[in-house]
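K.L.:
Quick one: the structure is below, questions incoming.
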Amino acid sequence: HGCPSLLPSFGPHRGSWRHQVRKVSRRDLAFVMASGVHGATTVSATMVLAHLAGIKVFVTGGIGGVHRGVAQTWDISTDLKELGKTPVCVVCAGVKSILDIPKTLEYLETEGVPVMTYKQDDFPSFFTASSGVKSPMRVETAQAAASVAQVQIAMGLGGALVAVPIPPEHQADAVEVERAISQCLREAETQGVTGNKITPFILQGVKEITKGKSLEANIKLVKNNALVGAQIATHVGSLSLKSKL
């Protein structure tokens, strides 16, 4: 996700310069744009760019959140702060299970972000449909989610989050993924991996340990998010048009 000026092209040379592409959060936007280097945007940076472009809804895989062991690291994703202030509705498959989901939801509450889960009570955890943590809100339709997002935006209250569970037939095995995450977290600590490098490190490790099953689940959930996100965006657009008439 992101805007064309920040992302590498999909031409034949992409593989040779992938290592030169920076991970771009809100903090990095000005530097990357002023320097003219390539960057791949996080949710927070994508929200900023979407808002500047007049886009009210965008779809991603999963958002960042509060990292496990936050008491020692203070590692909290800028995505959560961005959701509290930038008027964009983000559609995702929940929070990656490598993070501390209860603390992430607590932080989103502090930021005043309406967190809706689509058609189920439990908040999803990216690779699996249920995290075992109850979602703050439940919506049954894309129209209902769009209505909440539109009111949130119209009142100037910031962004909104819609979590769409991965379809059960596509989810990865929760126990296998959790074991892989625990192993990768230990390896990250041993190797001194910190900051914005830790999430890519763990996701790559989980992919290898699960023999690609996590990547397959990732692709499936993004496609499913896009389907629901497009419906939400259509309704938000319709509601916006009616409010102008």
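Residues are named by chain letter and number: chains run A, B, ... in the order of the structure tokens, numbers start at 1 in each chain, and ligands are numbered from 1 in the order shown.
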Which residues of stretch 139-174 of chain A have any atom within 8 Å of an atom in stretch 202-225 of chain A when counting only C-alpha atoms, and what is the closest pair of atoms for each, with the distance in Å to one decimal? Order the rows by chain and rising number and write it as a tab-separated table.
P.N.:
residue	atom	partner	partner_atom	distance
A:Val164	CA	A:Asn225	CA	6.3
A:Pro165	CA	A:Leu221	CA	7.8
A:Ile166	CA	A:Leu221	CA	5.1
A:Pro167	CA	A:Leu221	CA	7.4
A:His170	CA	A:Ala217	CA	5.8
A:Gln171	CA	A:Ala217	CA	5.7
A:Ala172	CA	A:Ala217	CA	6.1
K.L.:
Just to be explicit: take each residue in the selection above, keep C-alpha atoms, and write the result as a tab-separated table (two decimals), in the first residue's frame.
P.N.:
chain	number	residue	atom	x	y	z
A	164	VAL	CA	-12.47	-8.77	8.85
A	165	PRO	CA	-11.75	-12.34	9.98
A	166	ILE	CA	-9.91	-14.55	7.53
A	167	PRO	CA	-12.35	-17.17	6.14
A	170	HIS	CA	-8.03	-20.27	4.58
A	171	GLN	CA	-6.73	-19.71	8.10
A	172	ALA	CA	-3.41	-21.09	9.24
K.L.:
Excluding stretch 91-99 of chain A and any residue of its chain fewer than 4 positions from it, enumerate the residues within 7 Å of it, using only C-alpha atoms, and give them as an NGL selection string.
P.N.:
:A and (58-68 or 123-126 or 161-166 or 181 or 221 or 225 or 229)
K.L.:
Would you give me, as a Markdown table, each residue of stretch 15-59 of chain A having an atom within 12 Å of an atom of stretch 69-87 of chain A, along with its shortest atom pair and that distance in Å to one decimal, using only C-alpha atoms and sorting by chain and residue number?
P.N.:
| residue | atom | partner | partner_atom | distance |
| --- | --- | --- | --- | --- |
| A:Val24 | CA | A:Thr78 | CA | 10.9 |
| A:Ser25 | CA | A:Thr78 | CA | 7.3 |
| A:Arg26 | CA | A:Thr78 | CA | 7.4 |
| A:Arg27 | CA | A:Thr78 | CA | 8.6 |
| A:Asp28 | CA | A:Thr78 | CA | 11.3 |
| A:Thr41 | CA | A:Asp79 | CA | 11.0 |
| A:Thr42 | CA | A:Asp79 | CA | 7.6 |
| A:Val43 | CA | A:Asp79 | CA | 5.7 |
| A:Ser44 | CA | A:Asp79 | CA | 4.4 |
| A:Ala45 | CA | A:Asp79 | CA | 8.1 |
| A:Thr46 | CA | A:Asp79 | CA | 9.5 |
| A:Met47 | CA | A:Thr86 | CA | 6.8 |
| A:Val48 | CA | A:Thr86 | CA | 6.9 |
| A:Leu49 | CA | A:Thr86 | CA | 10.1 |
| A:Ala50 | CA | A:Pro87 | CA | 9.4 |
| A:His51 | CA | A:Pro87 | CA | 6.9 |
| A:Leu52 | CA | A:Thr86 | CA | 10.1 |
| A:Ala53 | CA | A:Pro87 | CA | 11.9 |
| A:Gly54 | CA | A:Pro87 | CA | 9.9 |
| A:Ile55 | CA | A:Pro87 | CA | 9.4 |
| A:Lys56 | CA | A:Pro87 | CA | 7.1 |
| A:Val57 | CA | A:Pro87 | CA | 9.2 |
| A:Phe58 | CA | A:Pro87 | CA | 11.3 |
K.L.:
Using C-alpha atoms, can you write the selected residues to a file as an mmCIF file, in the first residue's frame?
P.N.:
data_model
loop_
_atom_site.group_PDB
_atom_site.id
_atom_site.type_symbol
_atom_site.label_atom_id
_atom_site.label_comp_id
_atom_site.auth_asym_id
_atom_site.auth_seq_id
_atom_site.Cartn_x
_atom_site.Cartn_y
_atom_site.Cartn_z
ATOM 1 C CA VAL A 24 8.197 4.257 5.815
ATOM 2 C CA SER A 25 6.085 5.287 8.779
ATOM 3 C CA ARG A 26 4.750 8.818 9.479
ATOM 4 C CA ARG A 27 8.156 9.675 10.936
ATOM 5 C CA ASP A 28 9.958 8.787 7.692
ATOM 6 C CA THR A 41 4.528 2.669 3.520
ATOM 7 C CA THR A 42 3.181 1.334 6.805
ATOM 8 C CA VAL A 43 -0.471 1.788 7.762
ATOM 9 C CA SER A 44 0.239 5.108 9.476
ATOM 10 C CA ALA A 45 2.007 6.608 6.457
ATOM 11 C CA THR A 46 -0.627 5.220 4.087
ATOM 12 C CA MET A 47 -3.350 6.865 6.184
ATOM 13 C CA VAL A 48 -1.592 10.231 5.899
ATOM 14 C CA LEU A 49 -1.240 9.883 2.115
ATOM 15 C CA ALA A 50 -4.790 8.590 1.675
ATOM 16 C CA HIS A 51 -6.172 11.551 3.606
ATOM 17 C CA LEU A 52 -4.125 13.988 1.504
ATOM 18 C CA ALA A 53 -5.539 12.330 -1.622
ATOM 19 C CA GLY A 54 -9.128 12.482 -0.341
ATOM 20 C CA ILE A 55 -9.396 8.707 0.128
ATOM 21 C CA LYS A 56 -11.598 7.695 3.074
ATOM 22 C CA VAL A 57 -11.174 3.905 3.067
ATOM 23 C CA PHE A 58 -8.186 1.677 2.443
#
K.L.:
Kindly give the distance, in Å, that separates atom CA of A:Ala146 and atom CA of A:His235, rounded to a single decimal.
P.N.:
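It comes out at 5.8 Å.
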K.L.:
Please extract the residues of stretch 51-139 of chain A with a backbone DSSP assignment of helix (DSSP H, G or I) and present them as a list in words.
P.N.:
His51, Leu52, Val70, Ala71, Gln72, Thr73, Thr78, Asp79, Leu80, Lys81, Glu82, Leu83, Gly84, Lys85, Ile101, Pro102, Lys103, Thr104, Leu105, Glu106, Tyr107, Leu108, Glu109 and Thr110 of chain A
K.L.:
Would you save the residues from that selection as a compact mmCIF listing (two decimals), in the first residue's frame, using N, CA, C and O atoms?
P.N.:
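Done, and the output landed in out-v5.txt:
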# COMPACT_ATOMS: atom_id res chain seq x y z
N HIS A 51 -5.43 10.36 3.20
CA HIS A 51 -6.17 11.55 3.61
C HIS A 51 -5.82 12.74 2.71
O HIS A 51 -6.72 13.49 2.28
N LEU A 52 -4.55 12.89 2.40
CA LEU A 52 -4.13 13.99 1.50
C LEU A 52 -4.74 13.84 0.11
O LEU A 52 -5.00 14.84 -0.57
N VAL A 70 6.32 -4.94 25.86
CA VAL A 70 6.33 -3.47 25.71
C VAL A 70 6.85 -2.77 26.96
O VAL A 70 7.42 -1.68 26.87
N ALA A 71 6.71 -3.37 28.12
CA ALA A 71 7.18 -2.75 29.36
C ALA A 71 8.69 -2.52 29.33
O ALA A 71 9.20 -1.58 29.94
N GLN A 72 9.39 -3.37 28.57
CA GLN A 72 10.85 -3.22 28.46
C GLN A 72 11.26 -2.37 27.25
O GLN A 72 12.23 -1.64 27.29
N THR A 73 10.49 -2.48 26.16
CA THR A 73 10.91 -1.86 24.90
C THR A 73 10.19 -0.56 24.55
O THR A 73 10.67 0.21 23.74
N THR A 78 3.15 3.28 15.38
CA THR A 78 2.55 4.58 15.08
C THR A 78 1.16 4.43 14.46
O THR A 78 0.37 5.37 14.47
N ASP A 79 0.86 3.24 13.93
CA ASP A 79 -0.46 3.00 13.32
C ASP A 79 -1.58 3.33 14.31
O ASP A 79 -2.62 3.88 13.92
N LEU A 80 -1.37 3.00 15.58
CA LEU A 80 -2.42 3.19 16.58
C LEU A 80 -2.68 4.67 16.83
O LEU A 80 -3.83 5.11 16.96
N LYS A 81 -1.62 5.44 16.90
CA LYS A 81 -1.74 6.90 17.10
C LYS A 81 -2.40 7.53 15.88
O LYS A 81 -3.23 8.43 16.01
N GLU A 82 -2.03 7.04 14.71
CA GLU A 82 -2.58 7.59 13.45
C GLU A 82 -4.08 7.36 13.37
O GLU A 82 -4.84 8.23 12.94
N LEU A 83 -4.51 6.17 13.77
CA LEU A 83 -5.94 5.86 13.75
C LEU A 83 -6.72 6.79 14.65
O LEU A 83 -7.90 7.07 14.40
N GLY A 84 -6.07 7.31 15.68
CA GLY A 84 -6.75 8.22 16.60
C GLY A 84 -6.92 9.63 16.08
O GLY A 84 -7.72 10.39 16.63
N LYS A 85 -6.18 9.98 15.00
CA LYS A 85 -6.26 11.37 14.56
C LYS A 85 -6.51 11.59 13.06
O LYS A 85 -6.99 12.66 12.68
N ILE A 101 -2.32 -8.43 21.62
CA ILE A 101 -3.63 -7.99 21.13
C ILE A 101 -4.45 -7.28 22.20
O ILE A 101 -5.00 -6.21 21.94
N PRO A 102 -4.56 -7.80 23.43
CA PRO A 102 -5.33 -7.06 24.44
C PRO A 102 -4.80 -5.65 24.69
O PRO A 102 -5.59 -4.70 24.79
N LYS A 103 -3.49 -5.50 24.77
CA LYS A 103 -2.90 -4.16 25.00
C LYS A 103 -3.13 -3.25 23.78
O LYS A 103 -3.33 -2.04 23.92
N THR A 104 -3.11 -3.84 22.59
CA THR A 104 -3.35 -3.06 21.38
C THR A 104 -4.77 -2.49 21.37
O THR A 104 -4.99 -1.32 21.07
N LEU A 105 -5.74 -3.33 21.73
CA LEU A 105 -7.13 -2.87 21.80
C LEU A 105 -7.31 -1.83 22.89
O LEU A 105 -8.08 -0.88 22.74
N GLU A 106 -6.60 -1.99 23.98
CA GLU A 106 -6.65 -1.02 25.08
C GLU A 106 -6.12 0.33 24.61
O GLU A 106 -6.70 1.39 24.91
N TYR A 107 -5.03 0.30 23.85
CA TYR A 107 -4.44 1.54 23.34
C TYR A 107 -5.38 2.23 22.36
O TYR A 107 -5.53 3.45 22.37
N LEU A 108 -6.03 1.43 21.51
CA LEU A 108 -6.98 2.00 20.55
C LEU A 108 -8.17 2.64 21.26
O LEU A 108 -8.69 3.67 20.81
N GLU A 109 -8.57 2.06 22.38
CA GLU A 109 -9.64 2.67 23.17
C GLU A 109 -9.19 4.03 23.70
O GLU A 109 -9.95 5.01 23.66
N THR A 110 -7.97 4.09 24.19
CA THR A 110 -7.42 5.36 24.70
C THR A 110 -7.40 6.42 23.60
O THR A 110 -7.65 7.60 23.86
K.L.:
Could you give me, as a PyMOL selection string, each residue of stretch 75-201 of chain A that DSSP assigns to strand (DSSP E or B) when run on this structure's backbone?
P.N.:
chain A and resi 76+89-92+94-95+99+115-118+122-125+128-134+137-139+160-163
K.L.:
Which of these residues is nearest to A:Ser240, using only C-alpha atoms: A:Ile153, A:Gly195, A:Leu185, A:Glu176?
P.N.:
A:Ile153
K.L.:
What's the separation between atom CA of A:Thr141 and atom CA of A:Met155, in Å to one decimal place?
P.N.:
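Atom-to-atom, atom CA of A:Thr141 and atom CA of A:Met155 are spaced 21.8 Å apart.
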K.L.:
Could you check the closest approach to A:Gln152 for each of A:Ala230, A:Cys89, A:Leu239, A:Met137 and tell me which residue wins, using only C-alpha atoms?
P.N.:
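Checking each of A:Ala230, A:Cys89, A:Leu239, A:Met137 against A:Gln152, counting only C-alpha atoms, the winner is A:Cys89.
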K.L.:
In Å to one decimal, how far is atom CA of A:Val139 from atom CA of A:Gln120?
P.N.:
7.9 Å
K.L.:
Which residue, A:Val90, A:Met116, A:Val175, A:Ala34, has the smallest gap to A:Glu140 when you use only C-alpha atoms?
P.N.:
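Answer, going by the shortest atom-to-atom distance: A:Met116.
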